Amino acid sequence: MAKKETSLHQLMVEELQDLYDAEKQLTRALPKVAKAVSDEELRDAIREHLEVTKGHVQRLEQAFESLGMKAKSKPCAGMKGIVEESSETIQEKKGEKADGVLDVAIAGGARRVEHYEIAGYSVAIEMARELGHEAVAGMLEETLQEEREADEKLAEISKRILTEAAAAENPAPEEPETKPKTRAAR
């Protein structure tokens with residue numbers, strides 16, 4: 001049984017290292033993303049999440065400390081791919097700021113990030129709990145809740161931006177003018 005626990009413990013540590021790298025990647029990427037956004041509410045949400053993400057990095061460092069370890073990253077290929085895809089989208093769509101297409105693409109990418117993190121934190125919490133690391137699980141739960149809140153906020157903003165962009169691209173057809181019917185003179 002001890003061997004199984006050791007391998008599960010190592011798997012949990014690797015998950016934390018992956019999350020640590022993912023959060024650090026975001027602290028470098030989010031300022032560039034915020035700069036590319038034209039919608040003020042989306043820009044503010046991204047900047048706000050940057051500050052929250054810095055807290056996630058610190059919380060992960062505390063989790064490692066709680067486990068008696070120094071915080072260490074393991075390259076997170078998943079987040080790297082999402083960040084690269086986001087950078088490519090910004091480059092490809094940067095001329096489409098005025099019509100909202102870039103903002104719609106960025107909002108979608110931001111939601112992908114949140115869903116990736118939600119999955120990672122959920123798995124790490126389950127492992128920490130199963131292995132009896134309640135303090136670590138508690139720290140990760142706090143971060144998970146913040147990621148869910150960020151996703152909800154992004155969903156609202158994304159819907160508004162998408163609706164506005166769609167309306168600008170496909171304006172409602174104008175109704176033909178109708179003149180009031182008058183009785184013919186007798």
# chains A, B, ... in the order shown; residues from 1 in each chain; ligands from 1
>>> residues_around(residues="region 20-24 of chain A", least_positions_apart="2", cutoff="8 Å", atoms="only C-alpha atoms", output="list in words")
Leu16, Gln17, Asp18, Leu26, Thr27, Arg28, Thr53, Lys54, His56, Val57, Leu60, Ala71, Lys72, Ser73, Lys74, Pro75, Cys76, Met79 and Lys80 of chain A
>>> write_last_selection(atoms="C-alpha atoms", output="PDB file, in the first residue's frame")
ATOM      1  CA  LEU A  16       0.781  21.036  -8.542  1.00  0.00           C
ATOM      2  CA  GLN A  17       3.977  21.675 -10.517  1.00  0.00           C
ATOM      3  CA  ASP A  18       1.953  21.748 -13.724  1.00  0.00           C
ATOM      4  CA  LEU A  26      -0.561  33.385 -17.361  1.00  0.00           C
ATOM      5  CA  THR A  27       1.117  36.120 -15.346  1.00  0.00           C
ATOM      6  CA  ARG A  28       3.351  36.720 -18.383  1.00  0.00           C
ATOM      7  CA  THR A  53      -3.513  34.881 -10.770  1.00  0.00           C
ATOM      8  CA  LYS A  54      -0.525  36.322  -8.916  1.00  0.00           C
ATOM      9  CA  HIS A  56      -2.759  31.745  -7.227  1.00  0.00           C
ATOM     10  CA  VAL A  57       1.008  31.525  -7.715  1.00  0.00           C
ATOM     11  CA  LEU A  60       0.587  27.213  -4.821  1.00  0.00           C
ATOM     12  CA  ALA A  71       7.827  25.295  -5.217  1.00  0.00           C
ATOM     13  CA  LYS A  72       8.972  23.978  -8.557  1.00  0.00           C
ATOM     14  CA  SER A  73       7.442  24.145 -12.034  1.00  0.00           C
ATOM     15  CA  LYS A  74       6.888  21.297 -14.419  1.00  0.00           C
ATOM     16  CA  PRO A  75       6.357  22.602 -17.960  1.00  0.00           C
ATOM     17  CA  CYS A  76       2.638  22.778 -18.627  1.00  0.00           C
ATOM     18  CA  MET A  79      -1.349  26.025 -20.990  1.00  0.00           C
ATOM     19  CA  LYS A  80       1.523  26.681 -23.356  1.00  0.00           C
TER      20      LYS A  80
END
>>> residues_around(residues="Arg47 (chain A)", least_positions_apart="2", cutoff="10 Å", atoms="only C-alpha atoms", output="list of chain:residue names")
A:Leu30, A:Pro31, A:Val33, A:Ala34, A:Lys35, A:Glu41, A:Leu42, A:Arg43, A:Asp44, A:Ala45, A:His49, A:Leu50, A:Glu51, A:Val52, A:Thr53
>>> select_by_dssp(residues="region 30-133 of chain A", states="alpha helix (DSSP H)", output="PyMOL selection string")
chain A and resi 30-36+40-66+77-93+101-130
>>> write_last_selection(atoms="C-alpha atoms", output="PDB file, in the first residue's frame")
ATOM      1  CA  LEU A  30      -2.310  38.309 -19.520  1.00  0.00           C
ATOM      2  CA  PRO A  31      -0.782  41.808 -19.790  1.00  0.00           C
ATOM      3  CA  LYS A  32      -0.301  41.282 -23.550  1.00  0.00           C
ATOM      4  CA  VAL A  33      -3.826  39.962 -23.924  1.00  0.00           C
ATOM      5  CA  ALA A  34      -5.310  42.900 -21.997  1.00  0.00           C
ATOM      6  CA  LYS A  35      -3.410  45.304 -24.242  1.00  0.00           C
ATOM      7  CA  ALA A  36      -4.972  43.764 -27.367  1.00  0.00           C
ATOM      8  CA  GLU A  40     -13.180  48.113 -21.575  1.00  0.00           C
ATOM      9  CA  GLU A  41     -15.106  45.634 -19.413  1.00  0.00           C
ATOM     10  CA  LEU A  42     -13.194  42.671 -20.865  1.00  0.00           C
ATOM     11  CA  ARG A  43      -9.873  44.486 -20.459  1.00  0.00           C
ATOM     12  CA  ASP A  44     -10.682  45.259 -16.822  1.00  0.00           C
ATOM     13  CA  ALA A  45     -11.692  41.629 -16.178  1.00  0.00           C
ATOM     14  CA  ILE A  46      -8.419  40.372 -17.663  1.00  0.00           C
ATOM     15  CA  ARG A  47      -6.358  42.855 -15.640  1.00  0.00           C
ATOM     16  CA  GLU A  48      -8.274  41.936 -12.489  1.00  0.00           C
ATOM     17  CA  HIS A  49      -7.678  38.250 -13.156  1.00  0.00           C
ATOM     18  CA  LEU A  50      -3.962  38.947 -13.595  1.00  0.00           C
ATOM     19  CA  GLU A  51      -3.858  40.186  -9.996  1.00  0.00           C
ATOM     20  CA  VAL A  52      -5.871  37.169  -8.828  1.00  0.00           C
ATOM     21  CA  THR A  53      -3.513  34.881 -10.770  1.00  0.00           C
ATOM     22  CA  LYS A  54      -0.525  36.322  -8.916  1.00  0.00           C
ATOM     23  CA  GLY A  55      -2.328  35.230  -5.751  1.00  0.00           C
ATOM     24  CA  HIS A  56      -2.759  31.745  -7.227  1.00  0.00           C
ATOM     25  CA  VAL A  57       1.008  31.525  -7.715  1.00  0.00           C
ATOM     26  CA  GLN A  58       1.557  32.497  -4.073  1.00  0.00           C
ATOM     27  CA  ARG A  59      -1.081  30.039  -2.877  1.00  0.00           C
ATOM     28  CA  LEU A  60       0.587  27.213  -4.821  1.00  0.00           C
ATOM     29  CA  GLU A  61       3.907  28.183  -3.212  1.00  0.00           C
ATOM     30  CA  GLN A  62       2.184  27.860   0.179  1.00  0.00           C
ATOM     31  CA  ALA A  63       0.802  24.465  -0.828  1.00  0.00           C
ATOM     32  CA  PHE A  64       4.297  23.231  -1.685  1.00  0.00           C
ATOM     33  CA  GLU A  65       5.552  24.630   1.611  1.00  0.00           C
ATOM     34  CA  SER A  66       2.758  22.805   3.432  1.00  0.00           C
ATOM     35  CA  ALA A  77       2.246  21.957 -22.307  1.00  0.00           C
ATOM     36  CA  GLY A  78      -1.530  22.414 -22.159  1.00  0.00           C
ATOM     37  CA  MET A  79      -1.349  26.025 -20.990  1.00  0.00           C
ATOM     38  CA  LYS A  80       1.523  26.681 -23.356  1.00  0.00           C
ATOM     39  CA  GLY A  81      -0.695  25.573 -26.243  1.00  0.00           C
ATOM     40  CA  ILE A  82      -3.616  27.733 -25.122  1.00  0.00           C
ATOM     41  CA  VAL A  83      -1.336  30.772 -24.680  1.00  0.00           C
ATOM     42  CA  GLU A  84       0.287  30.222 -28.093  1.00  0.00           C
ATOM     43  CA  GLU A  85      -3.108  29.852 -29.729  1.00  0.00           C
ATOM     44  CA  SER A  86      -4.225  33.081 -28.090  1.00  0.00           C
ATOM     45  CA  SER A  87      -1.125  34.917 -29.340  1.00  0.00           C
ATOM     46  CA  GLU A  88      -1.719  33.637 -32.874  1.00  0.00           C
ATOM     47  CA  THR A  89      -5.347  34.736 -32.740  1.00  0.00           C
ATOM     48  CA  ILE A  90      -4.353  38.213 -31.584  1.00  0.00           C
ATOM     49  CA  GLN A  91      -1.894  38.497 -34.479  1.00  0.00           C
ATOM     50  CA  GLU A  92      -4.386  37.204 -37.039  1.00  0.00           C
ATOM     51  CA  LYS A  93      -7.337  39.291 -35.855  1.00  0.00           C
ATOM     52  CA  VAL A 101     -14.159  40.010 -33.637  1.00  0.00           C
ATOM     53  CA  LEU A 102     -10.834  40.170 -31.786  1.00  0.00           C
ATOM     54  CA  ASP A 103     -12.558  40.717 -28.453  1.00  0.00           C
ATOM     55  CA  VAL A 104     -14.894  37.769 -29.089  1.00  0.00           C
ATOM     56  CA  ALA A 105     -11.867  35.576 -29.894  1.00  0.00           C
ATOM     57  CA  ILE A 106      -9.976  36.748 -26.806  1.00  0.00           C
ATOM     58  CA  ALA A 107     -12.973  36.179 -24.537  1.00  0.00           C
ATOM     59  CA  GLY A 108     -13.294  32.642 -25.903  1.00  0.00           C
ATOM     60  CA  GLY A 109      -9.609  31.986 -25.313  1.00  0.00           C
ATOM     61  CA  ALA A 110      -9.863  33.330 -21.768  1.00  0.00           C
ATOM     62  CA  ARG A 111     -12.717  30.938 -21.055  1.00  0.00           C
ATOM     63  CA  ARG A 112     -10.629  28.032 -22.403  1.00  0.00           C
ATOM     64  CA  VAL A 113      -7.927  28.993 -19.904  1.00  0.00           C
ATOM     65  CA  GLU A 114     -10.430  28.993 -17.037  1.00  0.00           C
ATOM     66  CA  HIS A 115     -11.850  25.598 -17.984  1.00  0.00           C
ATOM     67  CA  TYR A 116      -8.354  24.124 -18.228  1.00  0.00           C
ATOM     68  CA  GLU A 117      -7.498  25.466 -14.782  1.00  0.00           C
ATOM     69  CA  ILE A 118     -10.810  24.346 -13.283  1.00  0.00           C
ATOM     70  CA  ALA A 119     -10.098  20.792 -14.444  1.00  0.00           C
ATOM     71  CA  GLY A 120      -6.525  20.862 -13.126  1.00  0.00           C
ATOM     72  CA  TYR A 121      -7.458  22.251  -9.719  1.00  0.00           C
ATOM     73  CA  SER A 122     -10.374  19.820  -9.381  1.00  0.00           C
ATOM     74  CA  VAL A 123      -8.062  16.847  -9.948  1.00  0.00           C
ATOM     75  CA  ALA A 124      -5.386  18.195  -7.588  1.00  0.00           C
ATOM     76  CA  ILE A 125      -7.986  18.783  -4.842  1.00  0.00           C
ATOM     77  CA  GLU A 126      -9.284  15.225  -5.142  1.00  0.00           C
ATOM     78  CA  MET A 127      -5.762  13.836  -4.882  1.00  0.00           C
ATOM     79  CA  ALA A 128      -4.832  16.054  -1.933  1.00  0.00           C
ATOM     80  CA  ARG A 129      -7.978  15.038  -0.041  1.00  0.00           C
ATOM     81  CA  GLU A 130      -7.522  11.347  -0.790  1.00  0.00           C
TER      82      GLU A 130
END
>>> closest_residue(among="A:Ala29, A:Ile161, A:Leu67, A:Leu131", to="Leu8 (chain A)", atoms="only C-alpha atoms")
A:Leu131
